[in-house]
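In what follows, a structure is listed as structure tokens, so that the remarks can point back to it.
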Amino acid sequence: MSHCLTMSGVWKSYDAGVHGCSATVSVLRDVTLDVAAGELVGIVAAPASGKTTLLMCAGGMMRPDRGCIAWFGAASSRDRGPRPDGIAFAGDRPFPYGFLTVREAVEYAAIVRDLPIRDAAQRVRFSLETVGIDAICHRRVDTLDGNALARLSVAAAVLARPRLVLVDDFAPGCDADTAAELIAVLHELARNGAGIVVAGRFVARLGALSDVVTGGVRSFVLSGGRLESTTERPDVVARRLAAPVQFSRTRVAEQVQPSGARENGAR
């Protein structure tokens with residue numbers, strides 16, 4: 001089975017703090033992930049756990065500190081070359097040019113992706129219709145709600161008929177019904193042979209249409225910088241990761257003092 005994405009031993013760290021009082025934080029630790037053509041992969045992660053960093057490395061938009069990343073069956077190499085065509089990234093970040101209309105925003109995405117001019121208009125129209133946003137294509141981006149912004153992000157991603165789609169959650173304010181429609185679009189892409197990776201709030205919905213996905217659905221948990229396969233239901237994992245940490249009421253001084261010191265202090 002051919003792989004759309006191969007990540008092996010990927011590490012990524014950031015410097016945190018200020019000069020003289022800084023530390024290196026490892027966001028990704030020895031991450032390994034293979035995504036086959038036609039496969040759906042869901043990644044459950046707590047907020048600020050590194051899922052955006054993981055997906056940006058997977059899409060070739062960020063260089064890892066260590067490890068190898070390869071796409072579409074190419075040989076893995078530490079000296080990564082240019083990112084190949086066929087990779088699409090859909091994120092939950094605001095669109096930077098809010099003064100554009102929805103159609104203009106997708107047309108701009110076509111220009112950025114250097115799509116052939118001869119069929120750019122057809123692709124724009126197809127992507128708008130596919131995600132159900134064609135009826136409001138005349139509206140400015142900065143007037144859209146979370147549902148429309150989520151549709152716009154996916155529209156820009158499917159524009160180039162990608163072979164690998166990386167979804168870094170849907171826009172804030174996107175409701176469950178809209179997410180279900182967009183996930184159905186992703187299922188259709190997977191049925192046509194694209195590898196799909198989705199992270200964020202709606203991972204639990206990926207399996208709803210798994211019968212139409214040729215490569216099946218796999219779930220992973222990103223925690224402490226490590227990516228681990230799981231057979232737990234994604235919604236159960238998400239609740240567990242979101243649960244507050246419980247601390248013991250025992251005083252810290254009593255926990256760190258050796259028993260002899262406590263005895264001497266009591267005398």
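Ligands are numbered from 1 in the order shown, residues from 1 within each chain, and chains are lettered A, B, ... in the order they appear in the structure tokens.
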Env of stretch 44-56 of chain A: 9 Å cut, atoms = only C-alpha atoms, seq-sep filter 4 positions within chain, self excluded. Answer as a PyMOL selection string. chain A and resi 10+12+27-28+31+60-63+89+91+166-168+197-201+203-204+219-225+234-235+237-238+241-242
Just want the 10 Å neighbourhood of A:Val141, counted on only C-alpha atoms, with same-chain residues fewer than 3 positions away dropped. Output as a ChimeraX atom specification. /A:94-105,137-138,144-145,148-149,152
Give me a file of those residues, with N, CA and C atoms, as a PDB file, in the first residue's frame.
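Contents of the output file result-v9.pdb:
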ATOM      1  N   PRO A  94      -7.851  32.589  11.448  1.00  0.00           N
ATOM      2  CA  PRO A  94      -8.626  33.548  10.639  1.00  0.00           C
ATOM      3  C   PRO A  94      -7.965  33.782   9.286  1.00  0.00           C
ATOM      4  N   PHE A  95      -8.792  33.975   8.269  1.00  0.00           N
ATOM      5  CA  PHE A  95      -8.266  34.283   6.940  1.00  0.00           C
ATOM      6  C   PHE A  95      -7.660  35.684   6.974  1.00  0.00           C
ATOM      7  N   PRO A  96      -6.441  35.870   6.453  1.00  0.00           N
ATOM      8  CA  PRO A  96      -5.742  37.143   6.657  1.00  0.00           C
ATOM      9  C   PRO A  96      -6.320  38.335   5.906  1.00  0.00           C
ATOM     10  N   TYR A  97      -7.076  38.097   4.835  1.00  0.00           N
ATOM     11  CA  TYR A  97      -7.580  39.203   4.027  1.00  0.00           C
ATOM     12  C   TYR A  97      -9.104  39.240   4.106  1.00  0.00           C
ATOM     13  N   GLY A  98      -9.595  39.777   5.217  1.00  0.00           N
ATOM     14  CA  GLY A  98     -11.029  39.781   5.463  1.00  0.00           C
ATOM     15  C   GLY A  98     -11.821  40.657   4.530  1.00  0.00           C
ATOM     16  N   PHE A  99     -11.168  41.565   3.811  1.00  0.00           N
ATOM     17  CA  PHE A  99     -11.882  42.466   2.903  1.00  0.00           C
ATOM     18  C   PHE A  99     -12.274  41.780   1.596  1.00  0.00           C
ATOM     19  N   LEU A 100     -11.749  40.584   1.331  1.00  0.00           N
ATOM     20  CA  LEU A 100     -12.104  39.858   0.116  1.00  0.00           C
ATOM     21  C   LEU A 100     -13.462  39.184   0.287  1.00  0.00           C
ATOM     22  N   THR A 101     -14.133  38.945  -0.826  1.00  0.00           N
ATOM     23  CA  THR A 101     -15.336  38.121  -0.777  1.00  0.00           C
ATOM     24  C   THR A 101     -14.921  36.651  -0.690  1.00  0.00           C
ATOM     25  N   VAL A 102     -15.886  35.801  -0.416  1.00  0.00           N
ATOM     26  CA  VAL A 102     -15.601  34.369  -0.333  1.00  0.00           C
ATOM     27  C   VAL A 102     -15.021  33.855  -1.644  1.00  0.00           C
ATOM     28  N   ARG A 103     -15.640  34.240  -2.762  1.00  0.00           N
ATOM     29  CA  ARG A 103     -15.131  33.786  -4.060  1.00  0.00           C
ATOM     30  C   ARG A 103     -13.718  34.318  -4.309  1.00  0.00           C
ATOM     31  N   GLU A 104     -13.494  35.574  -3.983  1.00  0.00           N
ATOM     32  CA  GLU A 104     -12.166  36.153  -4.188  1.00  0.00           C
ATOM     33  C   GLU A 104     -11.125  35.461  -3.322  1.00  0.00           C
ATOM     34  N   ALA A 105     -11.525  35.052  -2.119  1.00  0.00           N
ATOM     35  CA  ALA A 105     -10.592  34.363  -1.223  1.00  0.00           C
ATOM     36  C   ALA A 105     -10.170  33.019  -1.811  1.00  0.00           C
ATOM     37  N   CYS A 137     -21.121  33.320  -1.713  1.00  0.00           N
ATOM     38  CA  CYS A 137     -19.775  33.611  -2.222  1.00  0.00           C
ATOM     39  C   CYS A 137     -19.537  35.095  -2.437  1.00  0.00           C
ATOM     40  N   HIS A 138     -20.605  35.911  -2.408  1.00  0.00           N
ATOM     41  CA  HIS A 138     -20.465  37.358  -2.600  1.00  0.00           C
ATOM     42  C   HIS A 138     -20.171  38.092  -1.297  1.00  0.00           C
ATOM     43  N   LEU A 144     -18.221  36.615   8.023  1.00  0.00           N
ATOM     44  CA  LEU A 144     -18.643  35.219   8.138  1.00  0.00           C
ATOM     45  C   LEU A 144     -18.641  34.739   9.581  1.00  0.00           C
ATOM     46  N   ASP A 145     -19.549  33.802   9.874  1.00  0.00           N
ATOM     47  CA  ASP A 145     -19.545  33.162  11.186  1.00  0.00           C
ATOM     48  C   ASP A 145     -18.619  31.945  11.153  1.00  0.00           C
ATOM     49  N   ALA A 148     -19.312  29.249   8.352  1.00  0.00           N
ATOM     50  CA  ALA A 148     -18.893  29.643   7.007  1.00  0.00           C
ATOM     51  C   ALA A 148     -17.379  29.679   6.881  1.00  0.00           C
ATOM     52  N   LEU A 149     -16.691  30.116   7.930  1.00  0.00           N
ATOM     53  CA  LEU A 149     -15.226  30.139   7.891  1.00  0.00           C
ATOM     54  C   LEU A 149     -14.653  28.731   7.790  1.00  0.00           C
ATOM     55  N   LEU A 152     -15.076  27.695   4.251  1.00  0.00           N
ATOM     56  CA  LEU A 152     -14.109  28.388   3.399  1.00  0.00           C
ATOM     57  C   LEU A 152     -12.735  27.732   3.487  1.00  0.00           C
TER      58      LEU A 152
END
DSSP says strand (DSSP E) for which residues of stretch 148-206 of chain A? Put them as number ranges by chain? A: 164-168, 195-199
Selection: 9 Å around A:Pro172, only C-alpha atoms, excl. self and same-chain fewer than 5 positions, as a list in words: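 The residues satisfying every condition are Asp92, Arg93, Asp145, Gly146, Asn147, Leu149 and Ala150 of chain A.
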Residue subset to file, keeping C-alpha atoms, as an mmCIF file, in the first residue's frame:
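Result written to result-v1.cif:
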data_model
loop_
_atom_site.group_PDB
_atom_site.id
_atom_site.type_symbol
_atom_site.label_atom_id
_atom_site.label_comp_id
_atom_site.auth_asym_id
_atom_site.auth_seq_id
_atom_site.Cartn_x
_atom_site.Cartn_y
_atom_site.Cartn_z
ATOM 1 C CA ASP A 92 -8.780 27.145 12.189
ATOM 2 C CA ARG A 93 -6.835 30.404 11.897
ATOM 3 C CA ASP A 145 -19.545 33.162 11.186
ATOM 4 C CA GLY A 146 -17.610 30.107 12.379
ATOM 5 C CA ASN A 147 -19.575 27.682 10.199
ATOM 6 C CA LEU A 149 -15.226 30.139 7.891
ATOM 7 C CA ALA A 150 -14.832 26.388 8.389
#
In stretch 38-160 of chain A, what's helix (DSSP H, G or I) per DSSP? Answer as a PDB file with N, CA and C atoms, in the first residue's frame?
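Writing done, so here's result37.pdb:
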ATOM      1  N   LYS A  51      -0.437  19.824  18.319  1.00  0.00           N
ATOM      2  CA  LYS A  51      -1.042  19.264  17.113  1.00  0.00           C
ATOM      3  C   LYS A  51      -0.797  20.145  15.886  1.00  0.00           C
ATOM      4  N   THR A  52      -0.814  21.470  16.056  1.00  0.00           N
ATOM      5  CA  THR A  52      -0.540  22.352  14.918  1.00  0.00           C
ATOM      6  C   THR A  52       0.894  22.181  14.441  1.00  0.00           C
ATOM      7  N   THR A  53       1.826  22.079  15.375  1.00  0.00           N
ATOM      8  CA  THR A  53       3.229  21.841  15.006  1.00  0.00           C
ATOM      9  C   THR A  53       3.369  20.523  14.259  1.00  0.00           C
ATOM     10  N   LEU A  54       2.693  19.492  14.750  1.00  0.00           N
ATOM     11  CA  LEU A  54       2.745  18.183  14.091  1.00  0.00           C
ATOM     12  C   LEU A  54       2.240  18.265  12.659  1.00  0.00           C
ATOM     13  N   LEU A  55       1.098  18.917  12.454  1.00  0.00           N
ATOM     14  CA  LEU A  55       0.519  18.983  11.119  1.00  0.00           C
ATOM     15  C   LEU A  55       1.334  19.884  10.194  1.00  0.00           C
ATOM     16  N   MET A  56       1.925  20.944  10.735  1.00  0.00           N
ATOM     17  CA  MET A  56       2.751  21.814   9.895  1.00  0.00           C
ATOM     18  C   MET A  56       4.034  21.102   9.466  1.00  0.00           C
ATOM     19  N   CYS A  57       4.596  20.296  10.343  1.00  0.00           N
ATOM     20  CA  CYS A  57       5.744  19.473   9.948  1.00  0.00           C
ATOM     21  C   CYS A  57       5.314  18.443   8.907  1.00  0.00           C
ATOM     22  N   ALA A  58       4.149  17.830   9.132  1.00  0.00           N
ATOM     23  CA  ALA A  58       3.646  16.815   8.199  1.00  0.00           C
ATOM     24  C   ALA A  58       3.381  17.402   6.824  1.00  0.00           C
ATOM     25  N   VAL A 102     -15.886  35.801  -0.416  1.00  0.00           N
ATOM     26  CA  VAL A 102     -15.601  34.369  -0.333  1.00  0.00           C
ATOM     27  C   VAL A 102     -15.021  33.855  -1.644  1.00  0.00           C
ATOM     28  N   ARG A 103     -15.640  34.240  -2.762  1.00  0.00           N
ATOM     29  CA  ARG A 103     -15.131  33.786  -4.060  1.00  0.00           C
ATOM     30  C   ARG A 103     -13.718  34.318  -4.309  1.00  0.00           C
ATOM     31  N   GLU A 104     -13.494  35.574  -3.983  1.00  0.00           N
ATOM     32  CA  GLU A 104     -12.166  36.153  -4.188  1.00  0.00           C
ATOM     33  C   GLU A 104     -11.125  35.461  -3.322  1.00  0.00           C
ATOM     34  N   ALA A 105     -11.525  35.052  -2.119  1.00  0.00           N
ATOM     35  CA  ALA A 105     -10.592  34.363  -1.223  1.00  0.00           C
ATOM     36  C   ALA A 105     -10.170  33.019  -1.811  1.00  0.00           C
ATOM     37  N   VAL A 106     -11.117  32.296  -2.397  1.00  0.00           N
ATOM     38  CA  VAL A 106     -10.790  31.010  -3.007  1.00  0.00           C
ATOM     39  C   VAL A 106      -9.986  31.224  -4.289  1.00  0.00           C
ATOM     40  N   GLU A 107     -10.319  32.260  -5.032  1.00  0.00           N
ATOM     41  CA  GLU A 107      -9.536  32.584  -6.232  1.00  0.00           C
ATOM     42  C   GLU A 107      -8.100  32.948  -5.852  1.00  0.00           C
ATOM     43  N   TYR A 108      -7.963  33.663  -4.752  1.00  0.00           N
ATOM     44  CA  TYR A 108      -6.616  33.995  -4.275  1.00  0.00           C
ATOM     45  C   TYR A 108      -5.844  32.726  -3.908  1.00  0.00           C
ATOM     46  N   ALA A 109      -6.547  31.769  -3.279  1.00  0.00           N
ATOM     47  CA  ALA A 109      -5.909  30.496  -2.942  1.00  0.00           C
ATOM     48  C   ALA A 109      -5.457  29.768  -4.201  1.00  0.00           C
ATOM     49  N   ALA A 110      -6.225  29.877  -5.269  1.00  0.00           N
ATOM     50  CA  ALA A 110      -5.838  29.249  -6.541  1.00  0.00           C
ATOM     51  C   ALA A 110      -4.567  29.882  -7.100  1.00  0.00           C
ATOM     52  N   ILE A 111      -4.449  31.201  -6.949  1.00  0.00           N
ATOM     53  CA  ILE A 111      -3.249  31.893  -7.429  1.00  0.00           C
ATOM     54  C   ILE A 111      -2.032  31.487  -6.606  1.00  0.00           C
ATOM     55  N   VAL A 112      -2.206  31.443  -5.286  1.00  0.00           N
ATOM     56  CA  VAL A 112      -1.095  31.059  -4.404  1.00  0.00           C
ATOM     57  C   VAL A 112      -0.615  29.657  -4.718  1.00  0.00           C
ATOM     58  N   ILE A 117      -4.343  28.293 -15.112  1.00  0.00           N
ATOM     59  CA  ILE A 117      -5.335  29.340 -15.336  1.00  0.00           C
ATOM     60  C   ILE A 117      -6.518  28.818 -16.144  1.00  0.00           C
ATOM     61  N   ARG A 118      -6.256  27.865 -17.044  1.00  0.00           N
ATOM     62  CA  ARG A 118      -7.303  27.408 -17.968  1.00  0.00           C
ATOM     63  C   ARG A 118      -8.497  26.787 -17.249  1.00  0.00           C
ATOM     64  N   ASP A 119      -8.278  26.170 -16.059  1.00  0.00           N
ATOM     65  CA  ASP A 119      -9.406  25.560 -15.358  1.00  0.00           C
ATOM     66  C   ASP A 119      -9.562  26.071 -13.925  1.00  0.00           C
ATOM     67  N   ALA A 120      -8.925  27.215 -13.626  1.00  0.00           N
ATOM     68  CA  ALA A 120      -9.006  27.760 -12.272  1.00  0.00           C
ATOM     69  C   ALA A 120     -10.447  28.126 -11.911  1.00  0.00           C
ATOM     70  N   ALA A 121     -11.167  28.750 -12.839  1.00  0.00           N
ATOM     71  CA  ALA A 121     -12.539  29.160 -12.549  1.00  0.00           C
ATOM     72  C   ALA A 121     -13.431  27.959 -12.264  1.00  0.00           C
ATOM     73  N   GLN A 122     -13.229  26.874 -13.013  1.00  0.00           N
ATOM     74  CA  GLN A 122     -14.013  25.661 -12.796  1.00  0.00           C
ATOM     75  C   GLN A 122     -13.706  25.053 -11.424  1.00  0.00           C
ATOM     76  N   ARG A 123     -12.436  25.066 -11.046  1.00  0.00           N
ATOM     77  CA  ARG A 123     -12.047  24.516  -9.746  1.00  0.00           C
ATOM     78  C   ARG A 123     -12.623  25.345  -8.608  1.00  0.00           C
ATOM     79  N   VAL A 124     -12.602  26.663  -8.748  1.00  0.00           N
ATOM     80  CA  VAL A 124     -13.151  27.533  -7.718  1.00  0.00           C
ATOM     81  C   VAL A 124     -14.641  27.247  -7.544  1.00  0.00           C
ATOM     82  N   ARG A 125     -15.350  27.179  -8.654  1.00  0.00           N
ATOM     83  CA  ARG A 125     -16.787  26.913  -8.597  1.00  0.00           C
ATOM     84  C   ARG A 125     -17.062  25.537  -7.952  1.00  0.00           C
ATOM     85  N   PHE A 126     -16.281  24.544  -8.332  1.00  0.00           N
ATOM     86  CA  PHE A 126     -16.463  23.200  -7.786  1.00  0.00           C
ATOM     87  C   PHE A 126     -16.224  23.173  -6.275  1.00  0.00           C
ATOM     88  N   SER A 127     -15.160  23.829  -5.812  1.00  0.00           N
ATOM     89  CA  SER A 127     -14.839  23.805  -4.387  1.00  0.00           C
ATOM     90  C   SER A 127     -15.897  24.528  -3.567  1.00  0.00           C
ATOM     91  N   LEU A 128     -16.420  25.643  -4.083  1.00  0.00           N
ATOM     92  CA  LEU A 128     -17.471  26.370  -3.379  1.00  0.00           C
ATOM     93  C   LEU A 128     -18.740  25.533  -3.267  1.00  0.00           C
ATOM     94  N   GLU A 129     -19.083  24.835  -4.340  1.00  0.00           N
ATOM     95  CA  GLU A 129     -20.278  23.997  -4.318  1.00  0.00           C
ATOM     96  C   GLU A 129     -20.079  22.772  -3.433  1.00  0.00           C
ATOM     97  N   THR A 130     -18.876  22.215  -3.435  1.00  0.00           N
ATOM     98  CA  THR A 130     -18.606  20.999  -2.670  1.00  0.00           C
ATOM     99  C   THR A 130     -18.813  21.206  -1.183  1.00  0.00           C
ATOM    100  N   ASP A 134     -21.380  28.209  -1.853  1.00  0.00           N
ATOM    101  CA  ASP A 134     -21.551  28.965  -3.095  1.00  0.00           C
ATOM    102  C   ASP A 134     -22.654  30.018  -3.004  1.00  0.00           C
ATOM    103  N   ALA A 135     -23.668  29.769  -2.151  1.00  0.00           N
ATOM    104  CA  ALA A 135     -24.792  30.711  -2.050  1.00  0.00           C
ATOM    105  C   ALA A 135     -24.384  32.039  -1.416  1.00  0.00           C
ATOM    106  N   ILE A 136     -23.284  32.048  -0.656  1.00  0.00           N
ATOM    107  CA  ILE A 136     -22.846  33.294  -0.001  1.00  0.00           C
ATOM    108  C   ILE A 136     -21.467  33.708  -0.490  1.00  0.00           C
ATOM    109  N   VAL A 141     -15.282  38.083   3.720  1.00  0.00           N
ATOM    110  CA  VAL A 141     -14.804  37.078   4.665  1.00  0.00           C
ATOM    111  C   VAL A 141     -14.947  37.550   6.112  1.00  0.00           C
ATOM    112  N   ASP A 142     -14.713  38.839   6.367  1.00  0.00           N
ATOM    113  CA  ASP A 142     -14.761  39.310   7.749  1.00  0.00           C
ATOM    114  C   ASP A 142     -16.188  39.425   8.290  1.00  0.00           C
ATOM    115  N   THR A 143     -17.198  39.066   7.510  1.00  0.00           N
ATOM    116  CA  THR A 143     -18.573  39.037   8.006  1.00  0.00           C
ATOM    117  C   THR A 143     -19.062  37.620   8.269  1.00  0.00           C
ATOM    118  N   GLY A 146     -18.526  31.236  12.286  1.00  0.00           N
ATOM    119  CA  GLY A 146     -17.610  30.107  12.379  1.00  0.00           C
ATOM    120  C   GLY A 146     -17.921  28.990  11.408  1.00  0.00           C
ATOM    121  N   ASN A 147     -19.204  28.736  11.143  1.00  0.00           N
ATOM    122  CA  ASN A 147     -19.575  27.682  10.199  1.00  0.00           C
ATOM    123  C   ASN A 147     -19.087  28.007   8.791  1.00  0.00           C
ATOM    124  N   ALA A 148     -19.312  29.249   8.352  1.00  0.00           N
ATOM    125  CA  ALA A 148     -18.893  29.643   7.007  1.00  0.00           C
ATOM    126  C   ALA A 148     -17.379  29.679   6.881  1.00  0.00           C
ATOM    127  N   LEU A 149     -16.691  30.116   7.930  1.00  0.00           N
ATOM    128  CA  LEU A 149     -15.226  30.139   7.891  1.00  0.00           C
ATOM    129  C   LEU A 149     -14.653  28.731   7.790  1.00  0.00           C
ATOM    130  N   ALA A 150     -15.281  27.773   8.489  1.00  0.00           N
ATOM    131  CA  ALA A 150     -14.832  26.388   8.389  1.00  0.00           C
ATOM    132  C   ALA A 150     -15.019  25.865   6.969  1.00  0.00           C
ATOM    133  N   ARG A 151     -16.154  26.201   6.356  1.00  0.00           N
ATOM    134  CA  ARG A 151     -16.394  25.778   4.976  1.00  0.00           C
ATOM    135  C   ARG A 151     -15.388  26.415   4.022  1.00  0.00           C
ATOM    136  N   LEU A 152     -15.076  27.695   4.251  1.00  0.00           N
ATOM    137  CA  LEU A 152     -14.109  28.388   3.399  1.00  0.00           C
ATOM    138  C   LEU A 152     -12.735  27.732   3.487  1.00  0.00           C
ATOM    139  N   SER A 153     -12.323  27.362   4.684  1.00  0.00           N
ATOM    140  CA  SER A 153     -11.015  26.738   4.860  1.00  0.00           C
ATOM    141  C   SER A 153     -10.925  25.418   4.100  1.00  0.00           C
ATOM    142  N   VAL A 154     -11.981  24.609   4.185  1.00  0.00           N
ATOM    143  CA  VAL A 154     -11.979  23.328   3.477  1.00  0.00           C
ATOM    144  C   VAL A 154     -12.089  23.556   1.967  1.00  0.00           C
ATOM    145  N   ALA A 155     -12.840  24.579   1.551  1.00  0.00           N
ATOM    146  CA  ALA A 155     -12.944  24.887   0.121  1.00  0.00           C
ATOM    147  C   ALA A 155     -11.571  25.194  -0.464  1.00  0.00           C
ATOM    148  N   ALA A 156     -10.783  25.984   0.235  1.00  0.00           N
ATOM    149  CA  ALA A 156      -9.438  26.310  -0.242  1.00  0.00           C
ATOM    150  C   ALA A 156      -8.549  25.072  -0.288  1.00  0.00           C
ATOM    151  N   ALA A 157      -8.806  24.119   0.628  1.00  0.00           N
ATOM    152  CA  ALA A 157      -7.986  22.906   0.672  1.00  0.00           C
ATOM    153  C   ALA A 157      -8.306  21.959  -0.484  1.00  0.00           C
ATOM    154  N   VAL A 158      -9.588  21.796  -0.818  1.00  0.00           N
ATOM    155  CA  VAL A 158      -9.959  20.840  -1.872  1.00  0.00           C
ATOM    156  C   VAL A 158      -9.760  21.426  -3.268  1.00  0.00           C
TER     157      VAL A 158
END
Which value, in Å to one decimal, gives the distance between atom CA of A:Pro82 and atom CA of A:Arg161? 19.1 Å
